[in-house]
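Novice: coords02.tsv is the file, holding TSV, C-alpha atoms and all ligand atoms:
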```
chain	number	residue	atom	x	y	z
A	71	MET	CA	-16.73	35.65	9.71
A	72	ILE	CA	-16.63	33.47	6.59
A	73	ILE	CA	-14.28	30.52	6.97
A	74	ASP	CA	-13.23	29.60	3.46
A	75	PHE	CA	-11.71	26.13	3.10
A	76	ARG	CA	-12.58	25.75	-0.61
A	77	SER	CA	-8.98	26.10	-1.71
A	78	ASP	CA	-5.64	27.56	-0.67
A	79	THR	CA	-6.01	29.85	-3.70
A	80	VAL	CA	-8.55	32.08	-1.90
A	81	THR	CA	-5.94	33.95	0.16
A	82	LYS	CA	-5.61	37.72	-0.15
A	83	PRO	CA	-2.26	39.55	0.06
A	84	THR	CA	-1.27	40.57	3.59
A	85	PRO	CA	-0.24	44.19	4.29
A	86	GLY	CA	3.44	43.17	4.18
A	87	MET	CA	2.98	41.55	0.79
A	88	MET	CA	1.00	44.54	-0.51
A	89	GLU	CA	3.77	46.85	0.56
A	90	ALA	CA	6.34	44.75	-1.30
A	91	MET	CA	4.12	44.87	-4.39
A	92	MET	CA	3.65	48.64	-4.22
A	93	LYS	CA	7.39	49.18	-4.06
A	94	ALA	CA	8.26	46.81	-6.92
A	95	ARG	CA	10.57	47.97	-9.66
A	96	VAL	CA	9.10	46.92	-13.00
A	97	GLY	CA	9.83	46.77	-16.72
A	98	ASP	CA	8.68	44.93	-19.82
A	99	ASP	CA	9.23	41.25	-19.11
A	100	VAL	CA	8.75	40.16	-22.73
A	101	PHE	CA	11.91	42.19	-23.35
A	102	GLY	CA	13.45	40.52	-20.26
A	103	GLU	CA	13.53	43.91	-18.57
A	104	ASP	CA	11.45	43.46	-15.44
A	105	PRO	CA	13.92	43.53	-12.54
A	106	SER	CA	11.48	42.02	-10.05
A	107	ILE	CA	10.66	39.07	-12.31
A	108	ASN	CA	14.33	38.54	-13.10
A	109	GLU	CA	15.08	38.55	-9.38
A	110	LEU	CA	12.26	36.14	-8.56
A	111	GLU	CA	13.38	33.73	-11.30
A	112	GLN	CA	16.95	33.89	-10.01
A	113	ILE	CA	15.92	33.34	-6.37
A	114	ALA	CA	13.76	30.35	-7.28
A	115	ALA	CA	16.39	28.77	-9.54
A	116	ASP	CA	19.00	29.18	-6.79
A	117	MET	CA	16.72	27.68	-4.14
A	118	PHE	CA	16.34	24.54	-6.23
A	119	GLY	CA	19.91	24.56	-7.54
A	120	MET	CA	18.50	24.62	-11.06
A	121	GLN	CA	19.87	26.66	-13.94
A	122	ALA	CA	16.89	28.83	-14.79
A	123	ALA	CA	13.27	29.67	-14.04
A	124	LEU	CA	10.30	31.16	-15.89
A	125	PHE	CA	7.53	33.19	-14.25
A	126	CYS	CA	4.04	32.36	-15.55
A	127	PRO	CA	0.47	33.37	-14.71
A	128	SER	CA	-0.66	29.92	-13.53
A	129	GLY	CA	0.37	26.42	-12.56
A	130	THR	CA	-1.69	25.07	-15.41
A	131	MET	CA	0.48	27.07	-17.77
A	132	THR	CA	3.78	25.95	-16.22
A	133	ASN	CA	2.67	22.31	-16.38
A	134	GLN	CA	1.40	22.61	-19.93
A	135	ILE	CA	4.53	24.39	-21.13
A	136	ALA	CA	6.66	21.67	-19.55
A	137	ILE	CA	4.64	18.92	-21.22
A	138	LYS	CA	4.89	20.73	-24.55
A	139	CYS	CA	8.67	21.03	-24.18
A	140	HIS	CA	9.17	17.39	-23.23
A	141	THR	CA	6.94	15.74	-25.86
A	142	GLN	CA	6.18	15.49	-29.56
A	143	PRO	CA	2.64	14.96	-30.92
A	144	GLY	CA	1.72	11.29	-30.59
A	145	ASP	CA	3.95	10.73	-27.56
A	146	GLU	CA	2.53	9.36	-24.33
A	147	VAL	CA	2.69	10.96	-20.89
A	148	ILE	CA	2.69	8.65	-17.86
A	149	CYS	CA	0.96	9.94	-14.71
A	150	ASP	CA	-1.45	9.02	-11.93
A	151	GLU	CA	-5.14	8.92	-12.88
A	152	SER	CA	-5.96	11.63	-10.34
A	153	SER	CA	-3.23	14.03	-11.37
A	154	HIS	CA	-3.99	17.69	-12.00
A	155	VAL	CA	-2.30	17.62	-15.42
A	156	TYR	CA	-4.90	15.07	-16.52
A	157	GLN	CA	-8.01	15.92	-14.47
A	158	TYR	CA	-7.98	19.68	-14.17
A	159	GLU	CA	-6.17	21.21	-17.13
A	160	GLY	CA	-8.98	21.03	-19.64
A	161	GLY	CA	-7.55	18.15	-21.65
A	162	GLY	CA	-4.53	20.37	-22.25
A	163	ILE	CA	-2.14	17.46	-22.81
A	164	ALA	CA	-4.06	16.60	-25.99
A	165	PHE	CA	-5.03	20.18	-26.83
A	166	ASN	CA	-1.61	21.78	-26.47
A	167	SER	CA	0.81	18.93	-27.07
A	168	GLY	CA	-1.16	16.38	-29.14
A	169	ALA	CA	0.07	13.75	-26.70
A	170	SER	CA	-1.85	10.86	-25.18
A	171	VAL	CA	-1.86	9.84	-21.54
A	172	LYS	CA	-1.14	6.54	-19.80
A	173	LEU	CA	-2.93	6.63	-16.47
A	174	LEU	CA	-1.77	4.67	-13.45
A	175	GLN	CA	-3.71	3.89	-10.28
A	176	GLY	CA	-1.41	5.14	-7.60
A	177	ASP	CA	-1.73	5.20	-3.84
A	178	ARG	CA	-3.47	8.51	-3.02
A	179	GLY	CA	-2.01	10.08	-6.13
A	180	ARG	CA	1.46	8.61	-5.78
A	181	ILE	CA	2.75	6.17	-8.37
A	182	ASN	CA	5.74	3.86	-7.96
A	183	ALA	CA	8.65	2.79	-10.12
A	184	ASP	CA	7.20	-0.68	-10.84
A	185	GLN	CA	4.02	0.89	-12.18
A	186	VAL	CA	6.00	3.30	-14.32
A	187	LEU	CA	8.09	0.45	-15.70
A	188	SER	CA	4.97	-1.47	-16.70
A	189	ALA	CA	3.53	1.65	-18.38
A	190	ILE	CA	6.52	2.41	-20.59
A	191	GLN	CA	5.69	1.28	-24.12
A	192	PRO	CA	8.03	-1.11	-25.91
A	193	ASP	CA	10.02	0.30	-28.80
A	194	ASP	CA	7.56	-0.88	-31.43
A	195	PRO	CA	6.07	1.14	-34.32
A	196	HIS	CA	2.56	0.04	-33.28
A	197	ARG	CA	2.94	1.81	-29.97
A	198	ALA	CA	2.95	5.38	-28.79
A	199	HIS	CA	6.33	6.71	-27.76
A	200	SER	CA	6.57	7.08	-23.97
A	201	SER	CA	8.50	10.27	-23.42
A	202	LEU	CA	7.50	11.80	-20.11
A	203	VAL	CA	6.61	10.86	-16.54
A	204	SER	CA	4.78	13.51	-14.52
A	205	LEU	CA	4.58	13.28	-10.71
A	206	GLU	CA	2.53	15.46	-8.36
A	207	ASN	CA	3.79	16.34	-4.86
A	208	THR	CA	1.79	16.92	-2.76
A	209	SER	CA	-1.07	15.16	-4.50
A	210	ASN	CA	-4.21	17.29	-4.58
A	211	ARG	CA	-6.79	14.53	-5.03
A	212	GLY	CA	-4.66	12.29	-2.83
A	213	GLY	CA	-5.52	14.62	0.06
A	214	GLY	CA	-2.18	16.40	0.22
A	215	SER	CA	-0.20	13.16	0.36
A	216	CYS	CA	3.58	13.34	0.05
A	217	TYR	CA	5.95	11.10	-1.86
A	218	ASP	CA	8.70	9.16	-0.14
A	219	PHE	CA	11.79	10.57	-1.73
A	220	SER	CA	13.28	7.09	-2.13
A	221	GLU	CA	10.46	6.22	-4.55
A	222	ILE	CA	11.08	9.39	-6.55
A	223	LEU	CA	14.73	8.38	-6.86
A	224	LYS	CA	13.73	4.95	-8.18
A	225	ILE	CA	11.45	6.56	-10.76
A	226	GLN	CA	14.19	8.97	-11.74
A	227	ALA	CA	16.71	6.15	-12.25
A	228	LEU	CA	14.18	4.34	-14.42
A	229	CYS	CA	13.45	7.45	-16.51
A	230	LYS	CA	17.16	7.95	-17.03
A	231	GLU	CA	17.66	4.34	-18.08
A	232	LYS	CA	14.70	4.41	-20.49
A	233	ASN	CA	15.37	7.92	-21.75
A	234	LEU	CA	12.15	9.54	-20.48
A	235	SER	CA	11.92	13.05	-19.05
A	236	LEU	CA	10.68	13.54	-15.50
A	237	HIS	CA	8.44	16.48	-14.58
A	238	LEU	CA	7.17	17.48	-11.15
A	239	ASP	CA	3.86	19.25	-10.66
A	240	GLY	CA	4.88	20.85	-7.39
A	241	ALA	CA	1.94	23.24	-7.03
A	242	ARG	CA	2.09	22.37	-3.32
A	243	LEU	CA	5.67	21.18	-3.13
A	244	TRP	CA	6.25	23.71	-0.33
A	245	ASN	CA	3.87	21.77	1.88
A	246	ALA	CA	5.71	18.53	1.15
A	247	LEU	CA	9.11	20.13	1.85
A	248	VAL	CA	7.93	21.39	5.22
A	249	ALA	CA	6.06	18.21	6.19
A	250	LYS	CA	8.93	15.90	5.21
A	251	LYS	CA	11.72	18.31	6.21
A	252	GLU	CA	13.20	18.08	2.72
A	253	THR	CA	15.24	20.63	0.77
A	254	PRO	CA	14.33	22.12	-2.61
A	255	LYS	CA	17.83	21.23	-3.86
A	256	LYS	CA	17.08	17.50	-3.59
A	257	TYR	CA	14.19	18.03	-5.97
A	258	GLY	CA	16.20	20.26	-8.27
A	259	GLU	CA	18.81	17.54	-8.64
A	260	THR	CA	16.23	14.90	-9.47
A	261	PHE	CA	13.71	16.37	-11.90
A	262	ASP	CA	14.17	17.67	-15.44
A	263	SER	CA	11.51	20.29	-14.79
A	264	ILE	CA	9.57	21.50	-11.77
A	265	SER	CA	6.42	23.62	-11.60
A	266	ILE	CA	5.80	25.48	-8.35
A	267	CYS	CA	2.87	27.72	-7.44
A	268	LEU	CA	3.06	30.94	-5.48
A	269	SER	CA	-0.72	31.41	-5.50
A	270	LYS	CA	-1.52	28.32	-3.44
A	271	SER	CA	-0.03	27.81	-0.01
A	272	LEU	CA	2.24	30.86	-0.14
A	273	GLY	CA	-0.53	33.45	-0.32
A	274	CYS	CA	0.31	35.30	-3.55
A	275	PRO	CA	-2.51	36.67	-5.71
A	276	VAL	CA	-1.09	35.18	-8.93
A	277	GLY	CA	1.89	33.31	-10.22
A	278	SER	CA	3.78	30.09	-10.80
A	279	LEU	CA	7.32	29.24	-11.79
A	280	LEU	CA	8.76	26.64	-14.10
A	281	LEU	CA	12.29	25.49	-13.32
A	282	GLY	CA	14.78	23.61	-15.46
A	283	LYS	CA	18.00	23.72	-17.43
A	284	LYS	CA	18.91	26.87	-19.39
A	285	ASP	CA	18.02	25.42	-22.81
A	286	PHE	CA	14.77	24.02	-21.52
A	287	ILE	CA	13.70	27.38	-20.06
A	288	LYS	CA	14.71	29.13	-23.28
A	289	LYS	CA	12.32	26.85	-25.16
A	290	ALA	CA	9.70	27.28	-22.42
A	291	ARG	CA	9.92	31.07	-22.76
A	292	ARG	CA	9.08	30.76	-26.46
A	293	ILE	CA	6.11	28.49	-25.72
A	294	ARG	CA	4.88	30.80	-22.95
A	295	LYS	CA	4.62	33.55	-25.57
A	296	VAL	CA	2.73	31.25	-27.96
A	297	PHE	CA	0.31	30.34	-25.13
A	298	GLY	CA	-0.30	34.05	-24.53
A	299	GLY	CA	1.49	34.06	-21.20
A	300	GLY	CA	4.11	36.72	-21.93
A	301	MET	CA	3.35	39.43	-19.39
A	302	ARG	CA	4.67	42.97	-19.32
A	303	GLN	CA	5.11	44.93	-16.04
A	304	ALA	CA	4.25	41.83	-14.02
A	305	GLY	CA	6.95	42.67	-11.51
A	306	PHE	CA	4.19	43.86	-9.19
A	307	ILE	CA	3.08	40.24	-8.80
A	308	ALA	CA	6.62	38.86	-8.92
A	309	ALA	CA	7.38	41.07	-5.90
A	310	ALA	CA	4.62	39.26	-4.04
A	311	GLY	CA	6.37	36.01	-4.98
A	312	ILE	CA	9.71	37.18	-3.62
A	313	TYR	CA	8.00	38.26	-0.41
A	314	ALA	CA	6.26	34.89	-0.12
A	315	LEU	CA	9.44	32.88	-0.65
A	316	GLN	CA	11.11	34.91	2.09
A	317	ASN	CA	8.25	34.93	4.59
A	318	ASN	CA	5.57	32.33	4.03
A	319	ILE	CA	7.24	28.93	3.76
A	320	ASP	CA	8.15	28.05	7.35
A	321	ARG	CA	4.68	28.95	8.61
A	322	LEU	CA	3.12	26.12	6.58
A	323	SER	CA	3.65	23.76	9.53
A	324	GLU	CA	0.95	25.82	11.28
A	325	ASP	CA	-1.51	25.03	8.47
A	326	HIS	CA	-0.60	21.34	8.72
A	327	HIS	CA	-1.21	21.39	12.46
A	328	HIS	CA	-4.58	23.10	11.96
A	329	ALA	CA	-5.57	20.57	9.29
A	330	SER	CA	-4.85	17.62	11.55
A	331	GLN	CA	-6.79	19.22	14.43
A	332	ILE	CA	-9.85	19.71	12.21
A	333	ALA	CA	-9.52	16.21	10.76
A	334	GLY	CA	-9.52	14.84	14.31
A	335	ALA	CA	-12.97	16.36	14.90
A	336	ILE	CA	-14.28	15.24	11.50
A	337	SER	CA	-13.17	11.64	11.83
A	338	LYS	CA	-15.24	11.22	15.02
A	339	LYS	CA	-18.50	11.96	13.24
A	340	LYS	CA	-20.96	9.15	12.56
A	341	PHE	CA	-21.76	10.47	9.08
A	342	VAL	CA	-18.09	10.20	8.09
A	343	LYS	CA	-17.09	6.88	6.56
A	344	GLN	CA	-13.39	7.65	6.39
A	345	THR	CA	-10.95	10.54	6.49
A	346	LEU	CA	-7.88	10.29	4.29
A	347	PRO	CA	-4.65	10.54	6.28
A	348	VAL	CA	-3.80	14.23	6.73
A	349	GLU	CA	-0.15	14.77	5.84
A	350	THR	CA	-0.22	18.46	4.97
A	351	ASN	CA	-2.90	21.17	4.57
A	352	ILE	CA	-5.65	19.20	2.80
A	353	ILE	CA	-8.45	17.25	4.45
A	354	ILE	CA	-10.50	14.88	2.31
A	355	PHE	CA	-13.24	12.85	3.93
A	356	GLU	CA	-15.78	10.40	2.61
A	357	LEU	CA	-19.38	10.37	3.82
A	358	ASN	CA	-21.64	7.41	4.41
A	359	ASP	CA	-25.12	7.21	2.89
A	360	SER	CA	-26.77	9.46	5.50
A	361	ILE	CA	-25.66	12.66	3.73
A	362	SER	CA	-24.21	13.60	0.33
A	363	ALA	CA	-21.12	15.73	-0.13
A	364	PRO	CA	-23.09	18.65	-1.63
A	365	GLY	CA	-25.57	18.19	1.26
A	366	LEU	CA	-22.85	18.53	3.87
A	367	VAL	CA	-21.25	21.47	2.06
A	368	ALA	CA	-24.66	23.23	2.12
A	369	LYS	CA	-25.04	22.44	5.83
A	370	LEU	CA	-21.58	23.85	6.63
A	371	LYS	CA	-22.44	26.98	4.68
A	372	GLU	CA	-25.22	27.70	7.19
A	373	TYR	CA	-22.38	28.13	9.71
A	374	ASP	CA	-20.35	30.32	7.29
A	375	ILE	CA	-17.94	27.46	6.64
A	376	LEU	CA	-17.14	26.88	2.97
A	377	GLY	CA	-15.89	23.53	1.67
A	378	TYR	CA	-15.83	21.80	-1.68
A	379	ALA	CA	-17.62	18.62	-2.79
A	380	ILE	CA	-14.99	16.90	-4.94
A	381	SER	CA	-17.31	13.97	-5.71
A	382	PRO	CA	-20.86	12.91	-4.73
A	383	ASN	CA	-19.56	11.55	-1.40
A	384	ARG	CA	-16.24	13.28	-0.77
A	385	VAL	CA	-15.61	16.70	0.71
A	386	ARG	CA	-12.33	18.60	0.61
A	387	LEU	CA	-11.24	21.29	3.06
A	388	VAL	CA	-7.97	23.15	2.48
A	389	VAL	CA	-6.21	25.07	5.25
A	390	HIS	CA	-4.18	28.14	4.29
A	391	LEU	CA	-2.67	31.46	5.31
A	392	ASP	CA	-6.02	33.18	5.83
A	393	ILE	CA	-7.34	30.51	8.22
A	394	SER	CA	-6.71	31.69	11.77
A	395	LYS	CA	-6.55	29.68	14.97
A	396	GLU	CA	-9.92	31.19	15.90
A	397	MET	CA	-11.43	29.90	12.66
A	398	VAL	CA	-9.99	26.46	13.30
A	399	ASN	CA	-11.55	26.40	16.77
A	400	LYS	CA	-14.93	27.52	15.43
A	401	THR	CA	-14.82	24.84	12.72
A	402	ILE	CA	-14.07	22.16	15.30
A	403	GLU	CA	-16.99	23.40	17.45
A	404	VAL	CA	-19.35	23.26	14.47
A	405	PHE	CA	-18.32	19.71	13.60
A	406	ASN	CA	-18.71	18.70	17.24
A	407	GLN	CA	-22.32	19.99	17.12
A	408	LEU	CA	-23.31	18.48	13.77
B	1	LIG	C1	-3.76	24.28	-8.38
B	1	LIG	C2	-2.91	23.25	-8.98
B	1	LIG	C3	-2.22	23.49	-10.18
B	1	LIG	C4	-2.27	24.78	-10.95
B	1	LIG	O1	-3.43	25.47	-10.90
B	1	LIG	P1	-3.61	26.96	-11.45
B	1	LIG	O2	-4.91	27.32	-10.87
B	1	LIG	O3	-3.60	26.87	-12.92
B	1	LIG	O4	-2.48	27.79	-10.94
B	1	LIG	C5	-1.42	22.49	-10.66
B	1	LIG	N1	-1.30	21.33	-10.02
B	1	LIG	C6	-1.92	21.06	-8.86
B	1	LIG	C7	-1.71	19.76	-8.19
B	1	LIG	C8	-2.76	22.01	-8.31
B	1	LIG	O5	-3.39	21.74	-7.16
```
Let me see the file written as structure tokens.

Specialist:
Amino acid sequence: MIIDFRSDTVTKPTPGMMEAMMKARVGDDVFGEDPSINELEQIAADMFGMQAALFCPSGTMTNQIAIKCHTQPGDEVICDESSHVYQYEGGGIAFNSGASVKLLQGDRGRINADQVLSAIQPDDPHRAHSSLVSLENTSNRGGGSCYDFSEILKIQALCKEKNLSLHLDGARLWNALVAKKETPKKYGETFDSISICLSKSLGCPVGSLLLGKKDFIKKARRIRKVFGGGMRQAGFIAAAGIYALQNNIDRLSEDHHHASQIAGAISKKKFVKQTLPVETNIIIFELNDSISAPGLVAKLKEYDILGYAISPNRVRLVVHLDISKEMVNKTIEVFNQL
């Protein structure tokens, strides 16, 4: 039994999801004729109370399309230094949009309105034009940390006042919604665009959605084609998305419970310097000098437990749909022995 905590992207479709995929009605989505994709986009837009949605192959693409839509070359994007859009999208902000980035040092990936205010450039021809703020909820490198919605509202008011767009990288927004008992509609009312992943916590093989106003999504659809993301009979994977939205959201609290149980065992270990607070399904812990992160990952592998060294002294474990209670118990036993 391999226990794979490397990422919540490693899940495989369940029989129920496979069945939904096999039965999908499909068509050519570039012609707008795939009924399953159209249905998924409608369901997602309705959930968030937003006007429209666009189905894309990845969360990187939905983020990058959003940034492209919100900026002009030479503009500046404001985000946390650890954010996925900056760290893990291959320099895409510069590559795709010709924009620069103003990085802020947030609290476990979360920035606040005062920081955003200080990062907005004055209206001066010497300066880059600040045009977009991008938030991430939950924060990946922040260990699955969640924003306080009151802070998001402050940032939104500021963006409105200063005429900046506000984007949410909500790859794991589902986890935040469940952990904080929030509704998607609150987010839909607050952000100009939202990216959500179906391939992370919800257990789909592929797929992300970009949400926004009608005109914005129209523009995004054009850019998706330019980026090579116009898919054809992709309704087979959209059907997995519909299934996931209907079946796999509420169960996330189970993952969160499992993550906190495992973190409890980890934080007792002498070789662990600190464990970041576990708010959702991600556990990040820092090691002291007795063992390196790659060293511990190799050690865990001897017990068929897979983790990920995110830095020389930090390990990340992500709990997901394919991690059973039995696997959680075995992991706790192994840590107790180490
Ligand atoms: C995984 C992830 C994405 C998108 O990743 P893809 O692999 O391109 O789907 C975006 N943002 C965050 C915070 C992520 O964790």

Novice: Could you check the closest approach to A:Thr350 for each of A:His390, A:His326, A:Lys82, A:His154 and tell me which residue wins, using all atoms listed in the file?

Specialist: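 Smallest distance to A:Thr350 is found for A:His326.
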
Novice: Considering all atoms listed in the file, return as an MDAnalysis selection string whatever protein or nucleic-acid residues lie within 10 Å of stretch 277-292 of chain A, sequence-local ones (same chain, fewer than 5 positions apart) excluded.

Specialist: chainID A and resid 100 110:111 114:115 118:140 237:241 258:259 261:270 297 299:300 304 307:308 310:311

Novice: Please determine, counting all atoms listed in the file, which residue among A:Val367, A:Leu243, A:Ile375, A:Leu391 has the shortest atom-to-atom distance to ligand LIG 1 (chain B).

Specialist: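 Going through A:Val367, A:Leu243, A:Ile375, A:Leu391 one by one, the smallest distance to ligand LIG 1 (chain B) is for A:Leu243.
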
Novice: What's the separation between atom CA of A:Asp218 and atom CA of A:Val248, in Å to one decimal place?

Specialist: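 Value for the atom CA of A:Asp218-atom CA of A:Val248 distance: 13.4 Å.
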
Novice: For ligand LIG 1 (chain B), I'd like the enclosing box, axis-aligned and padded by 4 Å on every side, reported as AutoDock Vina command-line options with centre and edge lengths in Å to one decimal.

Specialist:
```
--center_x -3.1 --center_y 23.8 --center_z -10.0 --size_x 11.6 --size_y 16.0 --size_z 13.8
```

Novice: What is the atom CA of A:Asp193-atom CA of A:Ser170 distance in Å, reported with one decimal?

Specialist: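 So the answer is 16.3 Å.
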
Novice: Can you work out which one of A:Ser106, A:Asn351, A:Ser323, A:Asn233 has the shortest atom-to-atom distance to A:Lys251, counting all atoms listed in the file?

Specialist: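 Counting all atoms listed in the file, the residue closest to A:Lys251 is A:Ser323.
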
Novice: Can you work out which one of A:Ile181, A:Lys232, A:Tyr156, A:Tyr313 has the shortest atom-to-atom distance to A:Pro85, counting only C-alpha atoms?

Specialist: A:Tyr313

Novice: Considering all atoms listed in the file, can you say which of A:Val155, A:Ile107, A:Val342, A:Ala333 comes closest to A:Asn358?

Specialist: A:Val342

Novice: With all atoms listed in the file as the counted atoms, please give the residues lying no more than 10 Å from A:Val147, apart from itself and same-chain residues fewer than 4 positions off, as a list in words.

Specialist: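 Contacts, with the query itself left out: Ile137, His140, Thr141, Val155, Tyr156, Ile163, Ala169, Ser170, Val171, Lys172, Leu173, Ala189, Ile190, Ala198, His199, Ser200, Ser201, Leu202, Val203, Ser204, Leu234, Ser235 and Leu236 of chain A.
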
Novice: Taking all atoms listed in the file into account, name the residue in A:Asp116, A:Glu146, A:Glu159, A:Glu109 that is nearest to ligand LIG 1 (chain B).

Specialist: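 Result for the nearest residue to ligand LIG 1 (chain B): A:Glu159.
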
Novice: Kindly provide, as a list of chain:residue names, the polymer residues lying within 12 Å of (4.2, 43.9, 3.3), counting only C-alpha atoms and using the coordinates exactly as they appear in the file.

Specialist: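 These residues have at least one counted atom within 12 Å: A:Pro83, A:Thr84, A:Pro85, A:Gly86, A:Met87, A:Met88, A:Glu89, A:Ala90, A:Met91, A:Met92, A:Lys93, A:Ala94, A:Cys274, A:Ala309, A:Ala310, A:Gly311, A:Ile312, A:Tyr313, A:Ala314, A:Gln316, A:Asn317, A:Asn318.
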
Novice: Can you sort out stretch 184-206 of chain A so it carries N, CA and C atoms, written as a compact mmCIF listing (two decimals), keeping the file's coordinate frame?

Specialist:
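Full text of out.txt as output:
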```txt
# COMPACT_ATOMS: atom_id res chain seq x y z
N ASP A 184 7.67 0.53 -10.16
CA ASP A 184 7.20 -0.68 -10.84
C ASP A 184 6.05 -0.36 -11.79
N GLN A 185 5.14 0.49 -11.32
CA GLN A 185 4.02 0.89 -12.18
C GLN A 185 4.51 1.65 -13.41
N VAL A 186 5.48 2.53 -13.19
CA VAL A 186 6.00 3.30 -14.32
C VAL A 186 6.64 2.36 -15.31
N LEU A 187 7.42 1.41 -14.80
CA LEU A 187 8.09 0.45 -15.70
C LEU A 187 7.07 -0.28 -16.55
N SER A 188 5.97 -0.71 -15.93
CA SER A 188 4.97 -1.47 -16.70
C SER A 188 4.22 -0.58 -17.68
N ALA A 189 4.27 0.73 -17.49
CA ALA A 189 3.53 1.65 -18.38
C ALA A 189 4.36 2.12 -19.57
N ILE A 190 5.67 1.93 -19.49
CA ILE A 190 6.52 2.41 -20.59
C ILE A 190 6.32 1.48 -21.79
N GLN A 191 5.98 2.08 -22.92
CA GLN A 191 5.69 1.28 -24.12
C GLN A 191 6.98 0.68 -24.69
N PRO A 192 6.85 -0.55 -25.24
CA PRO A 192 8.03 -1.11 -25.91
C PRO A 192 8.36 -0.31 -27.18
N ASP A 193 9.59 -0.41 -27.60
CA ASP A 193 10.02 0.30 -28.80
C ASP A 193 9.49 -0.46 -30.01
N ASP A 194 8.28 -0.12 -30.42
CA ASP A 194 7.56 -0.88 -31.43
C ASP A 194 6.73 0.14 -32.21
N PRO A 195 6.79 0.12 -33.54
CA PRO A 195 6.07 1.14 -34.32
C PRO A 195 4.55 1.14 -34.11
N HIS A 196 3.99 0.04 -33.57
CA HIS A 196 2.56 0.04 -33.28
C HIS A 196 2.21 0.96 -32.10
N ARG A 197 3.21 1.18 -31.26
CA ARG A 197 2.94 1.81 -29.97
C ARG A 197 3.24 3.30 -29.96
N ALA A 198 2.59 3.97 -29.03
CA ALA A 198 2.95 5.38 -28.79
C ALA A 198 4.34 5.42 -28.17
N HIS A 199 5.00 6.55 -28.34
CA HIS A 199 6.33 6.71 -27.76
C HIS A 199 6.19 7.32 -26.36
N SER A 200 6.61 6.56 -25.35
CA SER A 200 6.57 7.08 -23.97
C SER A 200 7.70 8.07 -23.81
N SER A 201 7.40 9.31 -23.51
CA SER A 201 8.50 10.27 -23.42
C SER A 201 8.57 11.03 -22.11
N LEU A 202 7.50 10.96 -21.31
CA LEU A 202 7.50 11.80 -20.11
C LEU A 202 6.75 11.12 -18.97
N VAL A 203 7.31 11.24 -17.76
CA VAL A 203 6.61 10.86 -16.54
C VAL A 203 6.36 12.14 -15.76
N SER A 204 5.11 12.31 -15.31
CA SER A 204 4.78 13.51 -14.52
C SER A 204 4.30 13.08 -13.13
N LEU A 205 4.97 13.57 -12.09
CA LEU A 205 4.58 13.28 -10.71
C LEU A 205 3.97 14.53 -10.08
N GLU A 206 3.16 14.33 -9.06
CA GLU A 206 2.53 15.46 -8.36
C GLU A 206 2.82 15.34 -6.86
```
